[in-house]
>>> print(open('coords-v1.pdb').read())   # PDB, C-alpha atoms and all ligand atoms
MODEL        1
ATOM      1  CA  MET A  21       0.000   0.000   0.000  1.00  0.00           C
ATOM      2  CA  LYS A  22       1.421   3.365  -1.056  1.00  0.00           C
ATOM      3  CA  PRO A  23       1.486   6.113   1.549  1.00  0.00           C
ATOM      4  CA  GLN A  24      -0.904   8.999   1.145  1.00  0.00           C
ATOM      5  CA  CYS A  25       0.499  12.537   0.712  1.00  0.00           C
ATOM      6  CA  PRO A  26      -0.113  14.423   4.000  1.00  0.00           C
ATOM      7  CA  VAL A  27      -0.420  17.739   2.092  1.00  0.00           C
ATOM      8  CA  CYS A  28      -2.860  17.052  -0.778  1.00  0.00           C
ATOM      9  CA  GLY A  29      -4.152  13.535   0.004  1.00  0.00           C
ATOM     10  CA  ASN A  30      -2.836  12.059  -3.267  1.00  0.00           C
ATOM     11  CA  GLY A  31      -2.417   8.301  -2.962  1.00  0.00           C
ATOM     12  CA  GLY A  32      -0.009   8.052  -5.901  1.00  0.00           C
ATOM     13  CA  THR A  33       3.205   8.877  -4.089  1.00  0.00           C
ATOM     14  CA  ALA A  34       6.419   7.480  -5.552  1.00  0.00           C
ATOM     15  CA  GLU A  35       9.273   5.927  -3.624  1.00  0.00           C
ATOM     16  CA  LEU A  36      12.394   8.080  -3.993  1.00  0.00           C
ATOM     17  CA  ILE A  37      14.977   6.541  -1.671  1.00  0.00           C
ATOM     18  CA  ARG A  38      15.078   3.343   0.385  1.00  0.00           C
ATOM     19  CA  TYR A  39      17.621   2.863   3.171  1.00  0.00           C
ATOM     20  CA  LEU A  40      17.994  -0.643   4.483  1.00  0.00           C
ATOM     21  CA  ASP A  41      20.254   0.339   7.368  1.00  0.00           C
ATOM     22  CA  GLY A  42      20.433   4.143   7.482  1.00  0.00           C
ATOM     23  CA  PRO A  43      20.612   6.611  10.382  1.00  0.00           C
ATOM     24  CA  VAL A  44      17.150   7.415  11.743  1.00  0.00           C
ATOM     25  CA  LEU A  45      18.194  10.727  13.296  1.00  0.00           C
ATOM     26  CA  GLN A  46      18.683  13.402  10.651  1.00  0.00           C
ATOM     27  CA  ASN A  47      20.371  16.748  11.307  1.00  0.00           C
ATOM     28  CA  VAL A  48      22.330  15.434  14.293  1.00  0.00           C
ATOM     29  CA  LEU A  49      25.949  16.556  14.588  1.00  0.00           C
ATOM     30  CA  CYS A  50      28.455  14.260  16.271  1.00  0.00           C
ATOM     31  CA  ARG A  51      31.856  15.163  17.686  1.00  0.00           C
ATOM     32  CA  THR A  52      33.513  11.911  16.650  1.00  0.00           C
ATOM     33  CA  ARG A  53      33.205   9.264  13.935  1.00  0.00           C
ATOM     34  CA  GLU A  54      32.567   6.638  16.602  1.00  0.00           C
ATOM     35  CA  GLU A  55      29.710   8.674  18.068  1.00  0.00           C
ATOM     36  CA  ALA A  56      28.150   9.008  14.597  1.00  0.00           C
ATOM     37  CA  LEU A  57      28.463   5.291  13.875  1.00  0.00           C
ATOM     38  CA  ALA A  58      26.805   4.491  17.216  1.00  0.00           C
ATOM     39  CA  LEU A  59      23.593   6.382  16.327  1.00  0.00           C
ATOM     40  CA  PRO A  60      20.502   4.179  15.817  1.00  0.00           C
ATOM     41  CA  LYS A  61      19.926   2.853  12.304  1.00  0.00           C
ATOM     42  CA  ASP A  62      16.894   1.277  10.698  1.00  0.00           C
ATOM     43  CA  ARG A  63      15.054   0.761   7.431  1.00  0.00           C
ATOM     44  CA  MET A  64      13.561   3.963   5.974  1.00  0.00           C
ATOM     45  CA  VAL A  65      11.598   4.794   2.813  1.00  0.00           C
ATOM     46  CA  LEU A  66      11.294   8.377   1.545  1.00  0.00           C
ATOM     47  CA  SER A  67       8.461   9.092  -0.891  1.00  0.00           C
ATOM     48  CA  GLY A  68       7.505  12.069  -3.015  1.00  0.00           C
ATOM     49  CA  CYS A  69       4.183  13.396  -4.297  1.00  0.00           C
ATOM     50  CA  PRO A  70       3.905  14.028  -8.058  1.00  0.00           C
ATOM     51  CA  ALA A  71       0.853  16.298  -7.634  1.00  0.00           C
TER
HETATM   52 ZN    ZN A 101       0.718  15.949  -2.496  1.00  0.00          ZN
ENDMDL
END
>>> encode(input="coords-v1.pdb", output="structure tokens")
Amino acid sequence: MKPQCPVCGNGGTAELIRYLDGPVLQNVLCRTREEALALPKDRMVLSGCPA
């Protein structure tokens, strides 16, 4: 089932990027490489609305 656009309600959103093991916290700055690599990771799908 495709996700519905939260702005216009369009159900025809398209998958843009799929992370199988990507960082779940965006816009977080880390002081060290080790701290960055220790952040939680998970599967994530980003979709866009063509409307
Ligand atoms: Zn939309």
>>> residues_around(input="coords-v1.pdb", residues="Ala34 (chain A)", least_positions_apart="3", cutoff="7 Å", atoms="all atoms listed in the file", output="list in words")
Ser67, Gly68 and Cys69 of chain A
>>> residues_near_ligand(input="coords-v1.pdb", ligand="ligand ZN 101 (chain A)", cutoff="7 Å", atoms="only C-alpha atoms and all ligand atoms", output="list in words")
Cys25, Pro26, Val27, Cys28, Gly29, Asn30, Cys69, Pro70 and Ala71 of chain A
>>> residues_around(input="coords-v1.pdb", residues="region 38-50 of chain A", least_positions_apart="4", cutoff="8 Å", atoms="all atoms listed in the file", output="list in words")
Glu55, Ala56, Leu59, Pro60, Lys61, Asp62, Arg63, Met64, Val65 and Leu66 of chain A
>>> residues_around(input="coords-v1.pdb", residues="Lys22 (chain A)", least_positions_apart="2", cutoff="8 Å", atoms="all atoms listed in the file", output="PyMOL selection string")
chain A and resi 24+31-34
>>> axis_aligned_box(input="coords-v1.pdb", around="region 58-61 of chain A", padding_each_side="4 Å", output="AutoDock Vina command-line options")
--center_x 23.4 --center_y 4.6 --center_z 14.8 --size_x 14.9 --size_y 11.5 --size_z 12.9
>>> decode(input="coords-v1.pdb", residues="chain A", atoms="C-alpha atoms", output="mmCIF file, in the first residue's frame")
data_model
loop_
_atom_site.group_PDB
_atom_site.id
_atom_site.type_symbol
_atom_site.label_atom_id
_atom_site.label_comp_id
_atom_site.auth_asym_id
_atom_site.auth_seq_id
_atom_site.Cartn_x
_atom_site.Cartn_y
_atom_site.Cartn_z
ATOM 1 C CA MET A 21 0.000 0.000 0.000
ATOM 2 C CA LYS A 22 1.421 3.365 -1.056
ATOM 3 C CA PRO A 23 1.486 6.113 1.549
ATOM 4 C CA GLN A 24 -0.904 8.999 1.145
ATOM 5 C CA CYS A 25 0.499 12.537 0.712
ATOM 6 C CA PRO A 26 -0.113 14.423 4.000
ATOM 7 C CA VAL A 27 -0.420 17.739 2.092
ATOM 8 C CA CYS A 28 -2.860 17.052 -0.778
ATOM 9 C CA GLY A 29 -4.152 13.535 0.004
ATOM 10 C CA ASN A 30 -2.836 12.059 -3.267
ATOM 11 C CA GLY A 31 -2.417 8.301 -2.962
ATOM 12 C CA GLY A 32 -0.009 8.052 -5.901
ATOM 13 C CA THR A 33 3.205 8.877 -4.089
ATOM 14 C CA ALA A 34 6.419 7.480 -5.552
ATOM 15 C CA GLU A 35 9.273 5.927 -3.624
ATOM 16 C CA LEU A 36 12.394 8.080 -3.993
ATOM 17 C CA ILE A 37 14.977 6.541 -1.671
ATOM 18 C CA ARG A 38 15.078 3.343 0.385
ATOM 19 C CA TYR A 39 17.621 2.863 3.171
ATOM 20 C CA LEU A 40 17.994 -0.643 4.483
ATOM 21 C CA ASP A 41 20.254 0.339 7.368
ATOM 22 C CA GLY A 42 20.433 4.143 7.482
ATOM 23 C CA PRO A 43 20.612 6.611 10.382
ATOM 24 C CA VAL A 44 17.150 7.415 11.743
ATOM 25 C CA LEU A 45 18.194 10.727 13.296
ATOM 26 C CA GLN A 46 18.683 13.402 10.651
ATOM 27 C CA ASN A 47 20.371 16.748 11.307
ATOM 28 C CA VAL A 48 22.330 15.434 14.293
ATOM 29 C CA LEU A 49 25.949 16.556 14.588
ATOM 30 C CA CYS A 50 28.455 14.260 16.271
ATOM 31 C CA ARG A 51 31.856 15.163 17.686
ATOM 32 C CA THR A 52 33.513 11.911 16.650
ATOM 33 C CA ARG A 53 33.205 9.264 13.935
ATOM 34 C CA GLU A 54 32.567 6.638 16.602
ATOM 35 C CA GLU A 55 29.710 8.674 18.068
ATOM 36 C CA ALA A 56 28.150 9.008 14.597
ATOM 37 C CA LEU A 57 28.463 5.291 13.875
ATOM 38 C CA ALA A 58 26.805 4.491 17.216
ATOM 39 C CA LEU A 59 23.593 6.382 16.327
ATOM 40 C CA PRO A 60 20.502 4.179 15.817
ATOM 41 C CA LYS A 61 19.926 2.853 12.304
ATOM 42 C CA ASP A 62 16.894 1.277 10.698
ATOM 43 C CA ARG A 63 15.054 0.761 7.431
ATOM 44 C CA MET A 64 13.561 3.963 5.974
ATOM 45 C CA VAL A 65 11.598 4.794 2.813
ATOM 46 C CA LEU A 66 11.294 8.377 1.545
ATOM 47 C CA SER A 67 8.461 9.092 -0.891
ATOM 48 C CA GLY A 68 7.505 12.069 -3.015
ATOM 49 C CA CYS A 69 4.183 13.396 -4.297
ATOM 50 C CA PRO A 70 3.905 14.028 -8.058
ATOM 51 C CA ALA A 71 0.853 16.298 -7.634
#
